[in-house]
Amino acid sequence: MSTAPVARAVRRGAAQRLAALAEEALGGPLPLRVRAWDGSEAGPPDTPVVVVRSRRALRRLLWQPGELGLAQAYVTRELDVEGDLAEALRVMWGAARERGLHAPRIGLADRVQAVGAALRLGAVGPRPPTPASQARLRGGLHSRSRDRAAISHHYDLSNAFYRLLLDETMAYSSGYWTSEDPGFGPADAQRSKLELICRKLALVPGARLLDIGCGWGSLTLYAAEEYKTQVTAVTLAAEQAAYVREQVRERGLEHLVDVVCQDYRDIEGGAYDAVATVEMGEHVGDAEYPAFAAALRRLVRPQGRVLVQQMSRGSVAPGGGAFIEAYIAPDMHMRPLGETVGLLEGAGLEVRSVESLREHYVRTVAAWHRTLEERWDDFVRLVGEETARVWRLYLVGGALAFEERRMGVDQILSVRPTPDGSAGMPAVPHTWYAGTDER
């Protein structure tokens with residue numbers, strides 16, 4: 001007796017049941033095609049194909065519904081996207097906007113229905129193990145020890161990894177794309193950003209700059225080399241501190257740069273001419289940000305300037321999202337731009353300039369993603385396929401979030417006025433932008 005009809009029925013069933021479950025959870029028609037582990041397919045043609053390679057992917061979603069469960073399945077290759085991952089995410093977000101799809105709202109009846117479907121698909125079982133690349137933090141939120149672990153999870157991945165991903169400036173923040181010339185690349189955009197920051201801070205030879213969250217020292221080294229500024233560079237990541245110290249020695253900048261591996265809350269002294277914090281404020285925490293803003297004011301002298309380059313997000317999703325917070329930046333907190341401006345001014349700083357770099361970040365992240373794909377085998381050899389897939393999802397999703405204005409990034413320049421209100425700022429900042437594409 002032939003078993004072909006039975007096999008065909010099985011091949012039809014898995015994908016169709018998965019599609020029906022997804023449409024029920026999303027509250028609308030599925031915008032992507034689905035291919036199940038048995039070869040069956042369902043969903044609209046001529047769209048990116050979500051490949052469910054294993055029943056374990058469905059089991060993850062039973063235990064962890066929503067974004068985090070999907071991310072866990074993706075990084076472990078239990079779920080994949082055939083073709084352009086960015087286009088698949090773009091289609092999903094577009095459908096959410098245009099058709100009113102929503103994140104799953106899982107109630108008791110939904111769980112019973114999902115378990116029944118999973119039983120029919122043979123996907124019921126114990127909770128799958130958490131992927132090794134997911135952060136595991138302990139201790140009180142934004143305690144010193146937990147913050148150190150959160151920073152280490154992301155930034156201490158290895159200097160070799162970031163050296164492979166980034167350009168020679170080792171700047172891990174939005175560049176400033178001041179030219180459309182094809183020869184103007186990521187390193188040029190980063191140098192333009194560093195030059196712009198130095199100009200906004202009015203750095204001069206001998207000025208004292210505090211670089212909080214210095215990363216791999218791009219601003220610290222640039223300010224010391226180009227402006228002969230005395231820089232105190234602060235980072236909580238041991239790998240970063242070691243790298244910056246090595247660069248300081250190699251470039252003969254020991255007389256200009258002091259590298260300190262410590263929590264920003266432990267910075268002593270003050271009266272700096274300028275303070276910069278480039279994409280570090282997202283890690284401070286919501287409850288802790290007023291004290292952080294007060295520290296920025298305390299550390300700078302009267303008429304000294306403070307530049308904060310920081311990412312923002314809408315009020316409906318103040319953090320980075322379940323995937324970002326589990327795999328990339330644990331405990332991070334972003335807020336709408338206006339709220340950050342209010343917190344800085346509430347601390348006694350006067351905000352004098354706000355400049356959006358949102359479109360610049362789209363291009364910056366796209367450049368990092370191109371490097372990741374072009375050197376994929378090198379990244380896999382260095383950190384393993386699971387971590388490489390984490391970064392693919394992170395960079396593709398991040399670029400799309402900035403492109404679609406779900407996230408932003410801004411340079412906020414403020415000053416500490418004197419008691420009589422004097423800011424010492426020029427009436428017209430005409431020198432900030434001239435020739436920044438020539439650096």
# chains A, B, ... in the order shown; residues from 1 in each chain; ligands from 1
call {"tool": "residues_around", "arguments": {"residues": "Ser158 in chain A", "least_positions_apart": "4", "cutoff": "10 Å", "atoms": "only C-alpha atoms", "output": "ChimeraX atom specification"}}
result
/A:152,154,162-163,239-240,382-383
call {"tool": "select_by_dssp", "arguments": {"residues": "range 225-350 of chain A", "states": "strand (DSSP E)", "output": "PyMOL selection string"}}
result
chain A and resi 230-235+257-261+272-278+300-313+350
call {"tool": "write_last_selection", "arguments": {"atoms": "N, CA and C atoms", "output": "compact mmCIF listing (two decimals), in the first residue's frame"}}
result
# COMPACT_ATOMS: atom_id res chain seq x y z
N GLN A 230 44.23 67.40 27.45
CA GLN A 230 44.48 66.49 28.56
C GLN A 230 43.20 65.69 28.80
N VAL A 231 43.25 64.38 28.60
CA VAL A 231 42.03 63.56 28.63
C VAL A 231 42.10 62.54 29.76
N THR A 232 41.02 62.47 30.52
CA THR A 232 40.80 61.36 31.45
C THR A 232 39.74 60.46 30.84
N ALA A 233 40.13 59.25 30.49
CA ALA A 233 39.23 58.30 29.82
C ALA A 233 38.74 57.28 30.83
N VAL A 234 37.42 57.13 30.92
CA VAL A 234 36.82 56.24 31.91
C VAL A 234 35.99 55.17 31.22
N THR A 235 36.22 53.91 31.57
CA THR A 235 35.41 52.81 31.06
C THR A 235 35.26 51.77 32.15
N VAL A 257 47.08 61.50 28.29
CA VAL A 257 45.91 60.63 28.52
C VAL A 257 46.10 59.78 29.77
N ASP A 258 45.05 59.75 30.58
CA ASP A 258 44.98 58.88 31.75
C ASP A 258 43.76 57.98 31.58
N VAL A 259 43.96 56.67 31.60
CA VAL A 259 42.87 55.71 31.40
C VAL A 259 42.50 55.10 32.74
N VAL A 260 41.22 55.18 33.10
CA VAL A 260 40.75 54.70 34.39
C VAL A 260 39.63 53.69 34.15
N CYS A 261 39.77 52.50 34.73
CA CYS A 261 38.73 51.47 34.62
C CYS A 261 37.90 51.52 35.90
N TYR A 272 36.46 70.05 35.12
CA TYR A 272 36.89 69.77 33.75
C TYR A 272 36.36 70.87 32.83
N ASP A 273 37.13 71.17 31.79
CA ASP A 273 36.69 72.15 30.80
C ASP A 273 35.56 71.59 29.94
N ALA A 274 35.56 70.27 29.77
CA ALA A 274 34.54 69.64 28.93
C ALA A 274 34.35 68.20 29.39
N VAL A 275 33.12 67.73 29.23
CA VAL A 275 32.78 66.34 29.53
C VAL A 275 32.03 65.78 28.33
N ALA A 276 32.41 64.59 27.90
CA ALA A 276 31.71 63.92 26.81
C ALA A 276 31.31 62.53 27.25
N THR A 277 30.12 62.11 26.84
CA THR A 277 29.69 60.74 27.06
C THR A 277 28.95 60.29 25.81
N VAL A 278 29.57 59.41 25.05
CA VAL A 278 29.08 59.02 23.73
C VAL A 278 28.44 57.64 23.80
N VAL A 300 31.98 69.33 35.54
CA VAL A 300 32.42 70.36 34.59
C VAL A 300 32.48 71.71 35.30
N ARG A 301 33.41 72.55 34.91
CA ARG A 301 33.54 73.87 35.52
C ARG A 301 32.44 74.80 35.01
N PRO A 302 32.17 75.93 35.70
CA PRO A 302 31.24 76.93 35.15
C PRO A 302 31.70 77.38 33.76
N GLN A 303 30.78 77.48 32.84
CA GLN A 303 30.98 77.75 31.42
C GLN A 303 31.62 76.58 30.68
N GLY A 304 31.84 75.47 31.36
CA GLY A 304 32.31 74.27 30.69
C GLY A 304 31.16 73.59 29.97
N ARG A 305 31.50 72.81 28.95
CA ARG A 305 30.47 72.21 28.10
C ARG A 305 30.39 70.70 28.30
N VAL A 306 29.18 70.18 28.13
CA VAL A 306 28.91 68.75 28.26
C VAL A 306 28.24 68.28 26.97
N LEU A 307 28.79 67.26 26.33
CA LEU A 307 28.15 66.70 25.14
C LEU A 307 27.73 65.27 25.43
N VAL A 308 26.44 65.02 25.24
CA VAL A 308 25.87 63.69 25.41
C VAL A 308 25.38 63.22 24.05
N GLN A 309 25.98 62.16 23.53
CA GLN A 309 25.44 61.51 22.33
C GLN A 309 24.74 60.25 22.81
N GLN A 310 23.43 60.17 22.52
CA GLN A 310 22.64 59.12 23.17
C GLN A 310 21.48 58.69 22.29
N MET A 311 21.17 57.40 22.36
CA MET A 311 20.05 56.84 21.61
C MET A 311 18.74 57.11 22.35
N SER A 312 17.67 57.18 21.59
CA SER A 312 16.34 57.42 22.16
C SER A 312 15.36 56.41 21.58
N ARG A 313 14.22 56.29 22.24
CA ARG A 313 13.18 55.38 21.79
C ARG A 313 11.84 55.92 22.25
N GLU A 350 22.39 73.87 30.94
CA GLU A 350 21.57 74.57 29.95
C GLU A 350 21.82 73.94 28.58
call {"tool": "closest_residue", "arguments": {"among": "A:Glu386, A:Asp378, A:Glu359, A:Glu279", "to": "Phe402 in chain A", "atoms": "only C-alpha atoms"}}
result
A:Glu359
call {"tool": "residues_around", "arguments": {"residues": "range 169-178 of chain A", "least_positions_apart": "6", "cutoff": "7 Å", "atoms": "only C-alpha atoms", "output": "ChimeraX atom specification"}}
result
/A:163,187,189-190,192-193,216,218,279,360-361,364,437
call {"tool": "closest_residue", "arguments": {"among": "A:Gly125, A:Gly270, A:Gly217, A:Gly43", "to": "Glu246 in chain A", "atoms": "only C-alpha atoms"}}
result
A:Gly217
call {"tool": "residues_around", "arguments": {"residues": "Ala132 in chain A", "least_positions_apart": "2", "cutoff": "12 Å", "atoms": "only C-alpha atoms", "output": "PyMOL selection string"}}
result
chain A and resi 72+75-76+128-130+134-136+153+326-327+383-387+390
call {"tool": "residues_around", "arguments": {"residues": "Arg146 in chain A", "least_positions_apart": "2", "cutoff": "12 Å", "atoms": "only C-alpha atoms", "output": "PyMOL selection string"}}
result
chain A and resi 135-144+148-153+236+263+283-285+330-332
call {"tool": "select_by_dssp", "arguments": {"residues": "range 78-249 of chain A", "states": "helix (DSSP H, G or I)", "output": "MDAnalysis selection string"}}
result
chainID A and resid 85:98 108:120 144:155 159:165 186:200 218:227 238:249
call {"tool": "decode", "arguments": {"residues": "range 180-198 of chain A", "atoms": "N, CA, C and O atoms", "output": "PDB file, in the first residue's frame"}}
result
ATOM      1  N   GLU A 180      28.832  62.557   0.186  1.00  0.00           N
ATOM      2  CA  GLU A 180      28.240  61.474  -0.595  1.00  0.00           C
ATOM      3  C   GLU A 180      29.264  60.846  -1.533  1.00  0.00           C
ATOM      4  O   GLU A 180      28.928  59.965  -2.329  1.00  0.00           O
ATOM      5  N   ASP A 181      30.488  61.303  -1.490  1.00  0.00           N
ATOM      6  CA  ASP A 181      31.553  60.748  -2.318  1.00  0.00           C
ATOM      7  C   ASP A 181      31.706  59.261  -2.004  1.00  0.00           C
ATOM      8  O   ASP A 181      31.815  58.881  -0.833  1.00  0.00           O
ATOM      9  N   PRO A 182      31.721  58.384  -3.026  1.00  0.00           N
ATOM     10  CA  PRO A 182      31.871  56.941  -2.769  1.00  0.00           C
ATOM     11  C   PRO A 182      33.137  56.594  -1.999  1.00  0.00           C
ATOM     12  O   PRO A 182      33.194  55.576  -1.313  1.00  0.00           O
ATOM     13  N   GLY A 183      34.155  57.441  -2.084  1.00  0.00           N
ATOM     14  CA  GLY A 183      35.384  57.186  -1.362  1.00  0.00           C
ATOM     15  C   GLY A 183      35.331  57.571   0.103  1.00  0.00           C
ATOM     16  O   GLY A 183      36.273  57.304   0.857  1.00  0.00           O
ATOM     17  N   PHE A 184      34.241  58.220   0.505  1.00  0.00           N
ATOM     18  CA  PHE A 184      34.065  58.632   1.904  1.00  0.00           C
ATOM     19  C   PHE A 184      33.461  57.452   2.654  1.00  0.00           C
ATOM     20  O   PHE A 184      32.296  57.113   2.482  1.00  0.00           O
ATOM     21  N   GLY A 185      34.266  56.794   3.482  1.00  0.00           N
ATOM     22  CA  GLY A 185      33.834  55.559   4.117  1.00  0.00           C
ATOM     23  C   GLY A 185      33.558  55.678   5.590  1.00  0.00           C
ATOM     24  O   GLY A 185      33.561  56.776   6.166  1.00  0.00           O
ATOM     25  N   PRO A 186      33.339  54.532   6.246  1.00  0.00           N
ATOM     26  CA  PRO A 186      33.013  54.532   7.677  1.00  0.00           C
ATOM     27  C   PRO A 186      34.051  55.224   8.554  1.00  0.00           C
ATOM     28  O   PRO A 186      33.694  55.951   9.480  1.00  0.00           O
ATOM     29  N   ALA A 187      35.343  55.022   8.267  1.00  0.00           N
ATOM     30  CA  ALA A 187      36.374  55.670   9.080  1.00  0.00           C
ATOM     31  C   ALA A 187      36.329  57.182   8.915  1.00  0.00           C
ATOM     32  O   ALA A 187      36.531  57.928   9.888  1.00  0.00           O
ATOM     33  N   ASP A 188      36.054  57.652   7.695  1.00  0.00           N
ATOM     34  CA  ASP A 188      35.923  59.096   7.459  1.00  0.00           C
ATOM     35  C   ASP A 188      34.737  59.651   8.235  1.00  0.00           C
ATOM     36  O   ASP A 188      34.813  60.742   8.828  1.00  0.00           O
ATOM     37  N   ALA A 189      33.619  58.899   8.243  1.00  0.00           N
ATOM     38  CA  ALA A 189      32.434  59.349   8.981  1.00  0.00           C
ATOM     39  C   ALA A 189      32.711  59.417  10.476  1.00  0.00           C
ATOM     40  O   ALA A 189      32.238  60.327  11.171  1.00  0.00           O
ATOM     41  N   GLN A 190      33.481  58.484  10.986  1.00  0.00           N
ATOM     42  CA  GLN A 190      33.805  58.514  12.411  1.00  0.00           C
ATOM     43  C   GLN A 190      34.721  59.693  12.740  1.00  0.00           C
ATOM     44  O   GLN A 190      34.520  60.377  13.746  1.00  0.00           O
ATOM     45  N   ARG A 191      35.709  59.945  11.885  1.00  0.00           N
ATOM     46  CA  ARG A 191      36.583  61.097  12.143  1.00  0.00           C
ATOM     47  C   ARG A 191      35.814  62.410  12.055  1.00  0.00           C
ATOM     48  O   ARG A 191      36.080  63.343  12.829  1.00  0.00           O
ATOM     49  N   SER A 192      34.850  62.485  11.143  1.00  0.00           N
ATOM     50  CA  SER A 192      34.012  63.691  11.066  1.00  0.00           C
ATOM     51  C   SER A 192      33.213  63.872  12.347  1.00  0.00           C
ATOM     52  O   SER A 192      33.059  64.990  12.844  1.00  0.00           O
ATOM     53  N   LYS A 193      32.710  62.766  12.900  1.00  0.00           N
ATOM     54  CA  LYS A 193      31.963  62.818  14.166  1.00  0.00           C
ATOM     55  C   LYS A 193      32.862  63.277  15.305  1.00  0.00           C
ATOM     56  O   LYS A 193      32.484  64.139  16.115  1.00  0.00           O
ATOM     57  N   LEU A 194      34.069  62.718  15.374  1.00  0.00           N
ATOM     58  CA  LEU A 194      35.002  63.085  16.438  1.00  0.00           C
ATOM     59  C   LEU A 194      35.403  64.553  16.333  1.00  0.00           C
ATOM     60  O   LEU A 194      35.484  65.262  17.345  1.00  0.00           O
ATOM     61  N   GLU A 195      35.638  65.020  15.112  1.00  0.00           N
ATOM     62  CA  GLU A 195      35.979  66.427  14.913  1.00  0.00           C
ATOM     63  C   GLU A 195      34.825  67.330  15.334  1.00  0.00           C
ATOM     64  O   GLU A 195      35.025  68.362  15.991  1.00  0.00           O
ATOM     65  N   LEU A 196      33.599  66.944  14.984  1.00  0.00           N
ATOM     66  CA  LEU A 196      32.432  67.743  15.354  1.00  0.00           C
ATOM     67  C   LEU A 196      32.292  67.833  16.872  1.00  0.00           C
ATOM     68  O   LEU A 196      32.016  68.908  17.427  1.00  0.00           O
ATOM     69  N   ILE A 197      32.490  66.721  17.560  1.00  0.00           N
ATOM     70  CA  ILE A 197      32.398  66.732  19.023  1.00  0.00           C
ATOM     71  C   ILE A 197      33.455  67.664  19.623  1.00  0.00           C
ATOM     72  O   ILE A 197      33.160  68.469  20.516  1.00  0.00           O
ATOM     73  N   CYS A 198      34.674  67.562  19.139  1.00  0.00           N
ATOM     74  CA  CYS A 198      35.741  68.421  19.663  1.00  0.00           C
ATOM     75  C   CYS A 198      35.431  69.894  19.443  1.00  0.00           C
ATOM     76  O   CYS A 198      35.704  70.736  20.310  1.00  0.00           O
TER      77      CYS A 198
END
